[in-house]
$ cat query-v4.pdb   # PDB, C-alpha atoms and all ligand atoms
MODEL        1
ATOM      1  CA  MET X   1      60.512 -77.678  26.499
ATOM      2  CA  GLU X   2      57.698 -75.202  27.264
ATOM      3  CA  LYS X   3      56.520 -73.103  24.344
ATOM      4  CA  ILE X   4      57.488 -69.794  25.969
ATOM      5  CA  ASN X   5      61.005 -71.129  26.528
ATOM      6  CA  ARG X   6      61.284 -72.277  22.935
ATOM      7  CA  GLU X   7      60.797 -68.739  21.752
ATOM      8  CA  LYS X   8      63.340 -67.292  24.189
ATOM      9  CA  HIS X   9      65.793 -70.062  23.444
ATOM     10  CA  TRP X  10      65.805 -69.325  19.719
ATOM     11  CA  ASP X  11      65.844 -65.555  20.174
ATOM     12  CA  ASN X  12      68.899 -65.948  22.414
ATOM     13  CA  ILE X  13      70.659 -67.997  19.783
ATOM     14  CA  TYR X  14      69.996 -65.425  17.077
ATOM     15  CA  LEU X  15      71.073 -62.627  19.437
ATOM     16  CA  SER X  16      74.293 -64.307  20.515
ATOM     17  CA  LYS X  17      75.571 -65.951  17.319
ATOM     18  CA  THR X  18      76.295 -64.629  13.873
ATOM     19  CA  ILE X  19      74.921 -66.364  10.809
ATOM     20  CA  GLN X  20      78.183 -68.244  10.302
ATOM     21  CA  GLU X  21      78.425 -69.331  13.927
ATOM     22  CA  VAL X  22      75.437 -71.679  13.758
ATOM     23  CA  SER X  23      75.864 -75.289  12.666
ATOM     24  CA  TRP X  24      72.997 -75.127  10.136
ATOM     25  CA  TYR X  25      74.533 -72.265   8.138
ATOM     26  CA  GLN X  26      74.675 -72.909   4.417
ATOM     27  CA  PRO X  27      75.325 -70.151   1.908
ATOM     28  CA  LYS X  28      73.316 -72.020  -0.763
ATOM     29  CA  PRO X  29      70.648 -74.540   0.245
ATOM     30  CA  GLU X  30      71.371 -76.814  -2.718
ATOM     31  CA  THR X  31      69.293 -79.817  -1.635
ATOM     32  CA  SER X  32      66.196 -77.748  -0.860
ATOM     33  CA  LEU X  33      66.514 -75.932  -4.177
ATOM     34  CA  GLN X  34      66.943 -79.221  -6.031
ATOM     35  CA  PHE X  35      63.771 -80.643  -4.448
ATOM     36  CA  ILE X  36      61.810 -77.482  -5.269
ATOM     37  CA  ARG X  37      63.182 -77.201  -8.820
ATOM     38  CA  GLU X  38      62.230 -80.793  -9.597
ATOM     39  CA  LEU X  39      58.568 -79.951  -8.982
ATOM     40  CA  LYS X  40      58.639 -77.666 -12.036
ATOM     41  CA  LEU X  41      56.143 -75.299 -10.451
ATOM     42  CA  PRO X  42      55.190 -71.943 -11.940
ATOM     43  CA  LEU X  43      56.922 -68.938 -10.390
ATOM     44  CA  THR X  44      53.568 -67.973  -8.869
ATOM     45  CA  ALA X  45      53.585 -71.126  -6.691
ATOM     46  CA  LYS X  46      53.080 -70.483  -2.996
ATOM     47  CA  ILE X  47      56.056 -71.690  -0.985
ATOM     48  CA  ILE X  48      56.338 -71.587   2.798
ATOM     49  CA  ASP X  49      59.612 -72.172   4.643
ATOM     50  CA  ILE X  50      58.847 -73.436   8.146
ATOM     51  CA  GLY X  51      61.504 -72.580  10.734
ATOM     52  CA  GLY X  52      63.201 -70.651   7.969
ATOM     53  CA  GLY X  53      65.201 -68.558  10.446
ATOM     54  CA  ASP X  54      67.647 -66.445   8.489
ATOM     55  CA  SER X  55      68.272 -69.137   5.890
ATOM     56  CA  PHE X  56      69.330 -68.125   2.390
ATOM     57  CA  LEU X  57      66.538 -70.209   0.858
ATOM     58  CA  VAL X  58      64.316 -67.143   0.543
ATOM     59  CA  ASP X  59      67.100 -65.158  -1.187
ATOM     60  CA  CYS X  60      67.693 -67.995  -3.656
ATOM     61  CA  LEU X  61      63.972 -68.420  -4.401
ATOM     62  CA  LEU X  62      63.607 -64.682  -5.013
ATOM     63  CA  ASP X  63      66.625 -64.823  -7.344
ATOM     64  CA  LEU X  64      64.923 -67.638  -9.260
ATOM     65  CA  GLY X  65      61.858 -65.426  -9.644
ATOM     66  CA  TYR X  66      59.407 -67.046  -7.219
ATOM     67  CA  GLU X  67      56.771 -64.502  -6.288
ATOM     68  CA  ASN X  68      54.838 -66.001  -3.381
ATOM     69  CA  ILE X  69      57.221 -66.888  -0.589
ATOM     70  CA  THR X  70      56.368 -67.030   3.102
ATOM     71  CA  VAL X  71      58.910 -67.525   5.878
ATOM     72  CA  LEU X  72      57.677 -68.688   9.278
ATOM     73  CA  ASP X  73      59.806 -68.835  12.407
ATOM     74  CA  ILE X  74      59.295 -68.837  16.157
ATOM     75  CA  SER X  75      62.103 -66.293  16.576
ATOM     76  CA  ALA X  76      61.388 -62.641  15.863
ATOM     77  CA  LYS X  77      65.157 -62.056  16.017
ATOM     78  CA  ALA X  78      65.774 -64.546  13.222
ATOM     79  CA  ILE X  79      63.145 -62.926  11.020
ATOM     80  CA  GLU X  80      64.566 -59.476  11.805
ATOM     81  CA  ARG X  81      67.986 -60.654  10.624
ATOM     82  CA  ALA X  82      66.611 -62.152   7.418
ATOM     83  CA  LYS X  83      64.690 -58.941   6.713
ATOM     84  CA  GLN X  84      67.756 -56.773   7.277
ATOM     85  CA  ARG X  85      69.737 -58.857   4.852
ATOM     86  CA  LEU X  86      67.033 -58.726   2.190
ATOM     87  CA  GLY X  87      66.632 -54.958   2.404
ATOM     88  CA  ASN X  88      64.106 -53.758  -0.196
ATOM     89  CA  HIS X  89      63.260 -57.336  -1.177
ATOM     90  CA  THR X  90      61.710 -57.844   2.267
ATOM     91  CA  GLN X  91      58.378 -56.580   0.973
ATOM     92  CA  LYS X  92      58.216 -59.372  -1.589
ATOM     93  CA  VAL X  93      58.031 -61.937   1.222
ATOM     94  CA  LYS X  94      55.361 -62.721   3.818
ATOM     95  CA  TRP X  95      56.776 -63.133   7.304
ATOM     96  CA  ILE X  96      55.064 -65.055  10.096
ATOM     97  CA  ILE X  97      56.411 -65.122  13.636
ATOM     98  CA  THR X  98      54.850 -68.014  15.502
ATOM     99  CA  ASP X  99      55.493 -71.403  16.993
ATOM    100  CA  VAL X 100      54.576 -73.800  14.185
ATOM    101  CA  THR X 101      52.614 -75.906  16.678
ATOM    102  CA  ASN X 102      50.207 -72.937  17.027
ATOM    103  CA  PHE X 103      50.126 -72.121  13.313
ATOM    104  CA  GLN X 104      46.752 -72.024  11.587
ATOM    105  CA  PRO X 105      47.469 -71.499   7.883
ATOM    106  CA  LYS X 106      45.219 -68.975   6.186
ATOM    107  CA  GLU X 107      46.487 -69.866   2.734
ATOM    108  CA  LYS X 108      46.991 -73.046   0.756
ATOM    109  CA  TYR X 109      50.630 -73.548  -0.120
ATOM    110  CA  ASP X 110      52.002 -75.515  -3.065
ATOM    111  CA  VAL X 111      55.186 -76.293  -1.141
ATOM    112  CA  TRP X 112      55.681 -76.678   2.607
ATOM    113  CA  HIS X 113      59.455 -76.744   3.169
ATOM    114  CA  ASP X 114      61.180 -77.467   6.465
ATOM    115  CA  ARG X 115      64.905 -77.897   6.943
ATOM    116  CA  ALA X 116      65.930 -78.657  10.506
ATOM    117  CA  ALA X 117      62.890 -77.341  12.403
ATOM    118  CA  PHE X 118      60.563 -80.385  12.514
ATOM    119  CA  HIS X 119      63.174 -82.536  14.263
ATOM    120  CA  PHE X 120      63.015 -80.268  17.338
ATOM    121  CA  LEU X 121      59.485 -81.488  17.964
ATOM    122  CA  THR X 122      59.836 -84.471  20.257
ATOM    123  CA  ALA X 123      56.377 -84.759  21.858
ATOM    124  CA  GLU X 124      54.120 -87.078  19.880
ATOM    125  CA  LYS X 125      51.207 -84.638  20.076
ATOM    126  CA  ASP X 126      53.335 -81.802  18.616
ATOM    127  CA  ILE X 127      54.511 -84.043  15.784
ATOM    128  CA  THR X 128      50.984 -85.176  14.939
ATOM    129  CA  ASN X 129      49.679 -81.627  15.186
ATOM    130  CA  TYR X 130      52.495 -80.394  12.884
ATOM    131  CA  LEU X 131      51.737 -83.005  10.230
ATOM    132  CA  HIS X 132      48.027 -82.219  10.296
ATOM    133  CA  THR X 133      48.791 -78.497  10.041
ATOM    134  CA  ALA X 134      51.038 -79.149   7.032
ATOM    135  CA  TYR X 135      48.275 -81.235   5.466
ATOM    136  CA  ALA X 136      45.681 -78.508   6.062
ATOM    137  CA  GLY X 137      48.022 -75.783   4.802
ATOM    138  CA  LEU X 138      48.843 -77.504   1.521
ATOM    139  CA  ALA X 139      46.904 -77.132  -1.715
ATOM    140  CA  THR X 140      45.301 -80.280  -3.156
ATOM    141  CA  THR X 141      48.436 -81.279  -5.055
ATOM    142  CA  GLY X 142      50.812 -79.642  -2.563
ATOM    143  CA  VAL X 143      54.213 -81.079  -1.650
ATOM    144  CA  PHE X 144      55.820 -81.387   1.765
ATOM    145  CA  ILE X 145      59.636 -81.209   1.667
ATOM    146  CA  ILE X 146      61.396 -82.072   4.875
ATOM    147  CA  GLY X 147      65.046 -82.229   5.941
ATOM    148  CA  THR X 148      65.803 -83.696   9.378
ATOM    149  CA  PHE X 149      68.738 -85.254  11.173
ATOM    150  CA  SER X 150      69.088 -88.897  10.190
ATOM    151  CA  LEU X 151      69.798 -91.823  12.512
ATOM    152  CA  GLN X 152      73.497 -91.023  12.043
ATOM    153  CA  GLY X 153      72.922 -87.323  12.734
ATOM    154  CA  PRO X 154      73.280 -85.364  15.984
ATOM    155  CA  LYS X 155      71.063 -86.282  18.940
ATOM    156  CA  LYS X 156      71.011 -82.667  20.105
ATOM    157  CA  CYS X 157      71.291 -79.318  18.378
ATOM    158  CA  SER X 158      71.599 -75.883  19.972
ATOM    159  CA  GLY X 159      71.286 -77.564  23.368
ATOM    160  CA  ILE X 160      67.907 -79.124  22.536
ATOM    161  CA  GLU X 161      67.062 -82.803  22.080
ATOM    162  CA  VAL X 162      66.021 -83.708  18.561
ATOM    163  CA  ARG X 163      64.224 -86.635  16.948
ATOM    164  CA  GLN X 164      66.234 -88.498  14.354
ATOM    165  CA  TYR X 165      64.549 -90.093  11.355
ATOM    166  CA  SER X 166      65.329 -92.681   8.717
ATOM    167  CA  ASP X 167      63.565 -92.624   5.362
ATOM    168  CA  ASN X 168      61.405 -95.520   6.599
ATOM    169  CA  SER X 169      60.443 -93.885   9.896
ATOM    170  CA  MET X 170      59.615 -90.629   8.121
ATOM    171  CA  ILE X 171      57.479 -92.469   5.569
ATOM    172  CA  GLU X 172      55.757 -94.403   8.381
ATOM    173  CA  LYS X 173      55.098 -91.228  10.409
ATOM    174  CA  THR X 174      53.546 -89.381   7.475
ATOM    175  CA  LYS X 175      51.888 -92.223   5.571
ATOM    176  CA  ASP X 176      48.281 -91.472   6.583
ATOM    177  CA  LEU X 177      48.481 -87.960   5.168
ATOM    178  CA  PHE X 178      51.245 -87.981   2.569
ATOM    179  CA  GLU X 179      52.539 -90.209  -0.192
ATOM    180  CA  ASN X 180      56.296 -90.440  -0.423
ATOM    181  CA  MET X 181      57.908 -89.119  -3.601
ATOM    182  CA  LYS X 182      61.576 -89.468  -2.758
ATOM    183  CA  CYS X 183      64.090 -89.534   0.094
ATOM    184  CA  MET X 184      67.834 -89.040   0.075
ATOM    185  CA  GLU X 185      70.652 -88.873   2.569
ATOM    186  CA  VAL X 186      72.550 -85.602   2.703
ATOM    187  CA  ALA X 187      75.766 -84.798   4.560
ATOM    188  CA  HIS X 188      75.863 -81.181   5.705
ATOM    189  CA  THR X 189      79.275 -79.678   6.454
ATOM    190  CA  THR X 190      78.974 -77.122   9.248
ATOM    191  CA  PRO X 191      81.045 -73.906   9.391
ATOM    192  CA  PHE X 192      83.187 -75.735  11.970
ATOM    193  CA  GLU X 193      84.090 -78.411   9.382
ATOM    194  CA  THR X 194      82.067 -81.114  11.147
ATOM    195  CA  VAL X 195      79.557 -83.218   9.234
ATOM    196  CA  GLN X 196      75.890 -83.658  10.139
ATOM    197  CA  GLN X 197      73.882 -86.422   8.483
ATOM    198  CA  PHE X 198      70.422 -85.454   7.261
ATOM    199  CA  ILE X 199      67.652 -87.133   5.357
ATOM    200  CA  PHE X 200      65.575 -85.115   2.929
ATOM    201  CA  CYS X 201      62.212 -86.405   1.736
ATOM    202  CA  SER X 202      59.391 -85.078  -0.374
ATOM    203  CA  PHE X 203      55.766 -86.124  -0.036
ATOM    204  CA  ARG X 204      52.643 -85.437  -2.066
ATOM    205  CA  LYS X 205      49.511 -84.602  -0.088
ATOM    206  CA  ARG X 206      47.026 -87.486  -0.191
ATOM    207  CA  GLN X 207      43.554 -86.801  -1.473
ATOM    208  CA  GLN X 208      41.097 -85.965   1.275
ATOM    209  CA  GLU X 209      38.791 -88.936   0.678
ATOM    210  CA  SER X 210      41.628 -91.371   1.483
ATOM    211  CA  VAL X 211      42.668 -89.561   4.671
ATOM    212  CA  ASN X 212      41.491 -89.991   8.218
ATOM    213  CA  LEU X 213      41.603 -86.378   9.508
ATOM    214  CA  LYS X 214      41.715 -86.044  13.292
TER     215      LYS X 214
HETATM  216  C1  LIG L 301      68.365 -75.357  12.997
HETATM  217  S1  LIG L 301      67.534 -73.895  12.586
HETATM  218  C2  LIG L 301      67.287 -74.073  10.843
HETATM  219  C3  LIG L 301      67.008 -72.757  10.161
HETATM  220  C4  LIG L 301      66.739 -72.854   8.656
HETATM  221  N1  LIG L 301      65.641 -73.736   8.345
HETATM  222  C5  LIG L 301      67.954 -73.277   7.904
HETATM  223  O1  LIG L 301      67.945 -74.348   7.301
HETATM  224  O2  LIG L 301      68.924 -72.508   7.899
HETATM  225  C6  LIG L 301      65.933 -74.205  13.238
HETATM  226  C7  LIG L 301      64.986 -73.054  13.060
HETATM  227  O3  LIG L 301      63.682 -73.453  13.460
HETATM  228  C8  LIG L 301      63.100 -72.462  14.262
HETATM  229  N2  LIG L 301      62.152 -73.163  15.149
HETATM  230  C9  LIG L 301      62.458 -74.044  16.116
HETATM  231  N3  LIG L 301      61.344 -74.518  16.697
HETATM  232  C10 LIG L 301      60.299 -73.887  16.065
HETATM  233  C11 LIG L 301      58.892 -73.938  16.216
HETATM  234  N4  LIG L 301      58.331 -74.723  17.149
HETATM  235  N5  LIG L 301      58.129 -73.160  15.419
HETATM  236  C12 LIG L 301      58.704 -72.356  14.480
HETATM  237  N6  LIG L 301      60.034 -72.275  14.289
HETATM  238  C13 LIG L 301      60.832 -73.032  15.073
HETATM  239  C14 LIG L 301      64.257 -71.804  14.983
HETATM  240  O4  LIG L 301      63.999 -70.496  15.424
HETATM  241  C15 LIG L 301      65.329 -71.846  13.898
HETATM  242  O5  LIG L 301      65.290 -70.697  13.088
ENDMDL
END
$ encode --input "query-v4.pdb" --output "structure tokens" --more "lines below"
Ligand SMILES: C[S@@+](CC[C@H](N)C(=O)[O-])C[C@H]1O[C@@H](n2cnc3c(N)ncnc32)[C@H](O)[C@@H]1O
Amino acid sequence: MEKINREKHWDNIYLSKTIQEVSWYQPKPETSLQFIRELKLPLTAKIIDIGGGDSFLVDCLLDLGYENITVLDISAKAIERAKQRLGNHTQKVKWIITDVTNFQPKEKYDVWHDRAAFHFLTAEKDITNYLHTAYAGLATTGVFIIGTFSLQGPKKCSGIEVRQYSDNSMIEKTKDLFENMKCMEVAHTTPFETVQQFIFCSFRKRQQESVNLK
């Protein structure tokens, strides 16, 4: 899918469906919060949610007291919706509207979180580019938390082909840049009472001297 179409595609989805009409809707992103909580980071930690859309993760992190949250999404409409919901709290968050494959992080994040955006990248060069961007955007001891469809998950979502991953294939794909901390299978129940199988993994950024940067 061409980059320009990606943007339109996602804007159309956010224009035509309400928050509860999308399969990825979850009122409380329990797994993501569990992964983040386990890191025992200070509330000043910098956390970026890639493809955050209008997810409630940002609301939950603000409620927990996190002070440095960034949400990145390709869809301006998604970000608009999240901002409207947050009202005055909007100013506490940094918002970035861009295709992640063009993203050049200007900050070093302690956590790079992605639920259900990475798996839309199917071209090998986009995947490699994404992983190198995550590596570059993370602080020295930064953690990459990723949730994707598993091998038992959907093959398409929102009309777009996705890549499915197992814990092993995710570890293999990331091993040059990241060291695996944990992986778990998660069943997500959609608002339509169907179940989508995910895997969630966390990875610690490898030290630069042991990494072959392209
Ligand atoms: C399935 S939704 C998941 C939204 C959110 N992470 C959640 O868990 O509720 C995928 C999100 O990724 C965004 N997205 C898709 N491709 C992207 C890309 N190349 N760059 C940035 N965001 C992207 C979409 O706009 C959408 O908000």
$ axis_aligned_box --input "query-v4.pdb" --around "stretch 174-184 of chain X" --padding-each-side "6 Å" --output "lines of an AutoDock Vina configuration file"
center_x = 58.1
center_y = -90.1
center_z = 1.9
size_x = 31.6
size_y = 16.3
size_z = 23.1
$ resolve_selection --input "query-v4.pdb" --expression "the PyMOL selection byres (((chain X and resi 95) around 9) and not hetatm)" --output "JSON, numbers by chain"
{"X": [69, 70, 71, 72, 73, 79, 83, 90, 93, 94, 96, 97]}
$ atom_distance --input "query-v4.pdb" --atom1 "atom CA of X:Leu43" --atom2 "atom CA of X:Leu61"
9.3 Å
$ residues_near_ligand --input "query-v4.pdb" --ligand "ligand LIG 301 (chain L)" --cutoff "6 Å" --atoms "all atoms listed in the file" --output "short mmCIF file (atom, residue, chain, number, x, y, z; two decimals) with C-alpha atoms, keeping the file's coordinate frame"
data_model
loop_
_atom_site.label_atom_id
_atom_site.label_comp_id
_atom_site.auth_asym_id
_atom_site.auth_seq_id
_atom_site.Cartn_x
_atom_site.Cartn_y
_atom_site.Cartn_z
CA TRP X 10 65.81 -69.32 19.72
CA TRP X 24 73.00 -75.13 10.14
CA TYR X 25 74.53 -72.26 8.14
CA GLY X 51 61.50 -72.58 10.73
CA GLY X 52 63.20 -70.65 7.97
CA GLY X 53 65.20 -68.56 10.45
CA SER X 55 68.27 -69.14 5.89
CA ASP X 73 59.81 -68.83 12.41
CA ILE X 74 59.30 -68.84 16.16
CA SER X 75 62.10 -66.29 16.58
CA THR X 98 54.85 -68.01 15.50
CA ASP X 99 55.49 -71.40 16.99
CA VAL X 100 54.58 -73.80 14.18
CA THR X 101 52.61 -75.91 16.68
CA ARG X 115 64.90 -77.90 6.94
CA ALA X 116 65.93 -78.66 10.51
CA ALA X 117 62.89 -77.34 12.40
#
$ residues_near_point --input "query-v4.pdb" --point "(57.4, -89.8, -2.0)" --cutoff "8 Å" --atoms "only C-alpha atoms" --output "PyMOL selection string"
chain X and resi 178-183+201-204
$ atom_distance --input "query-v4.pdb" --atom1 "atom CA of X:Lys205" --atom2 "atom CA of X:Ala134"
9.1 Å
$ closest_residue --input "query-v4.pdb" --among "X:Arg163, X:Gln26, X:Ala187, X:Tyr109" --to "X:Thr122" --atoms "all atoms listed in the file"
X:Arg163
$ residues_around --input "query-v4.pdb" --residues "X:Ala78" --least-positions-apart "2" --cutoff "6 Å" --atoms "all atoms listed in the file" --output "list in words"
Tyr14, Gly53, Asp54, Ser75, Ala76, Glu80 and Arg81 of chain X
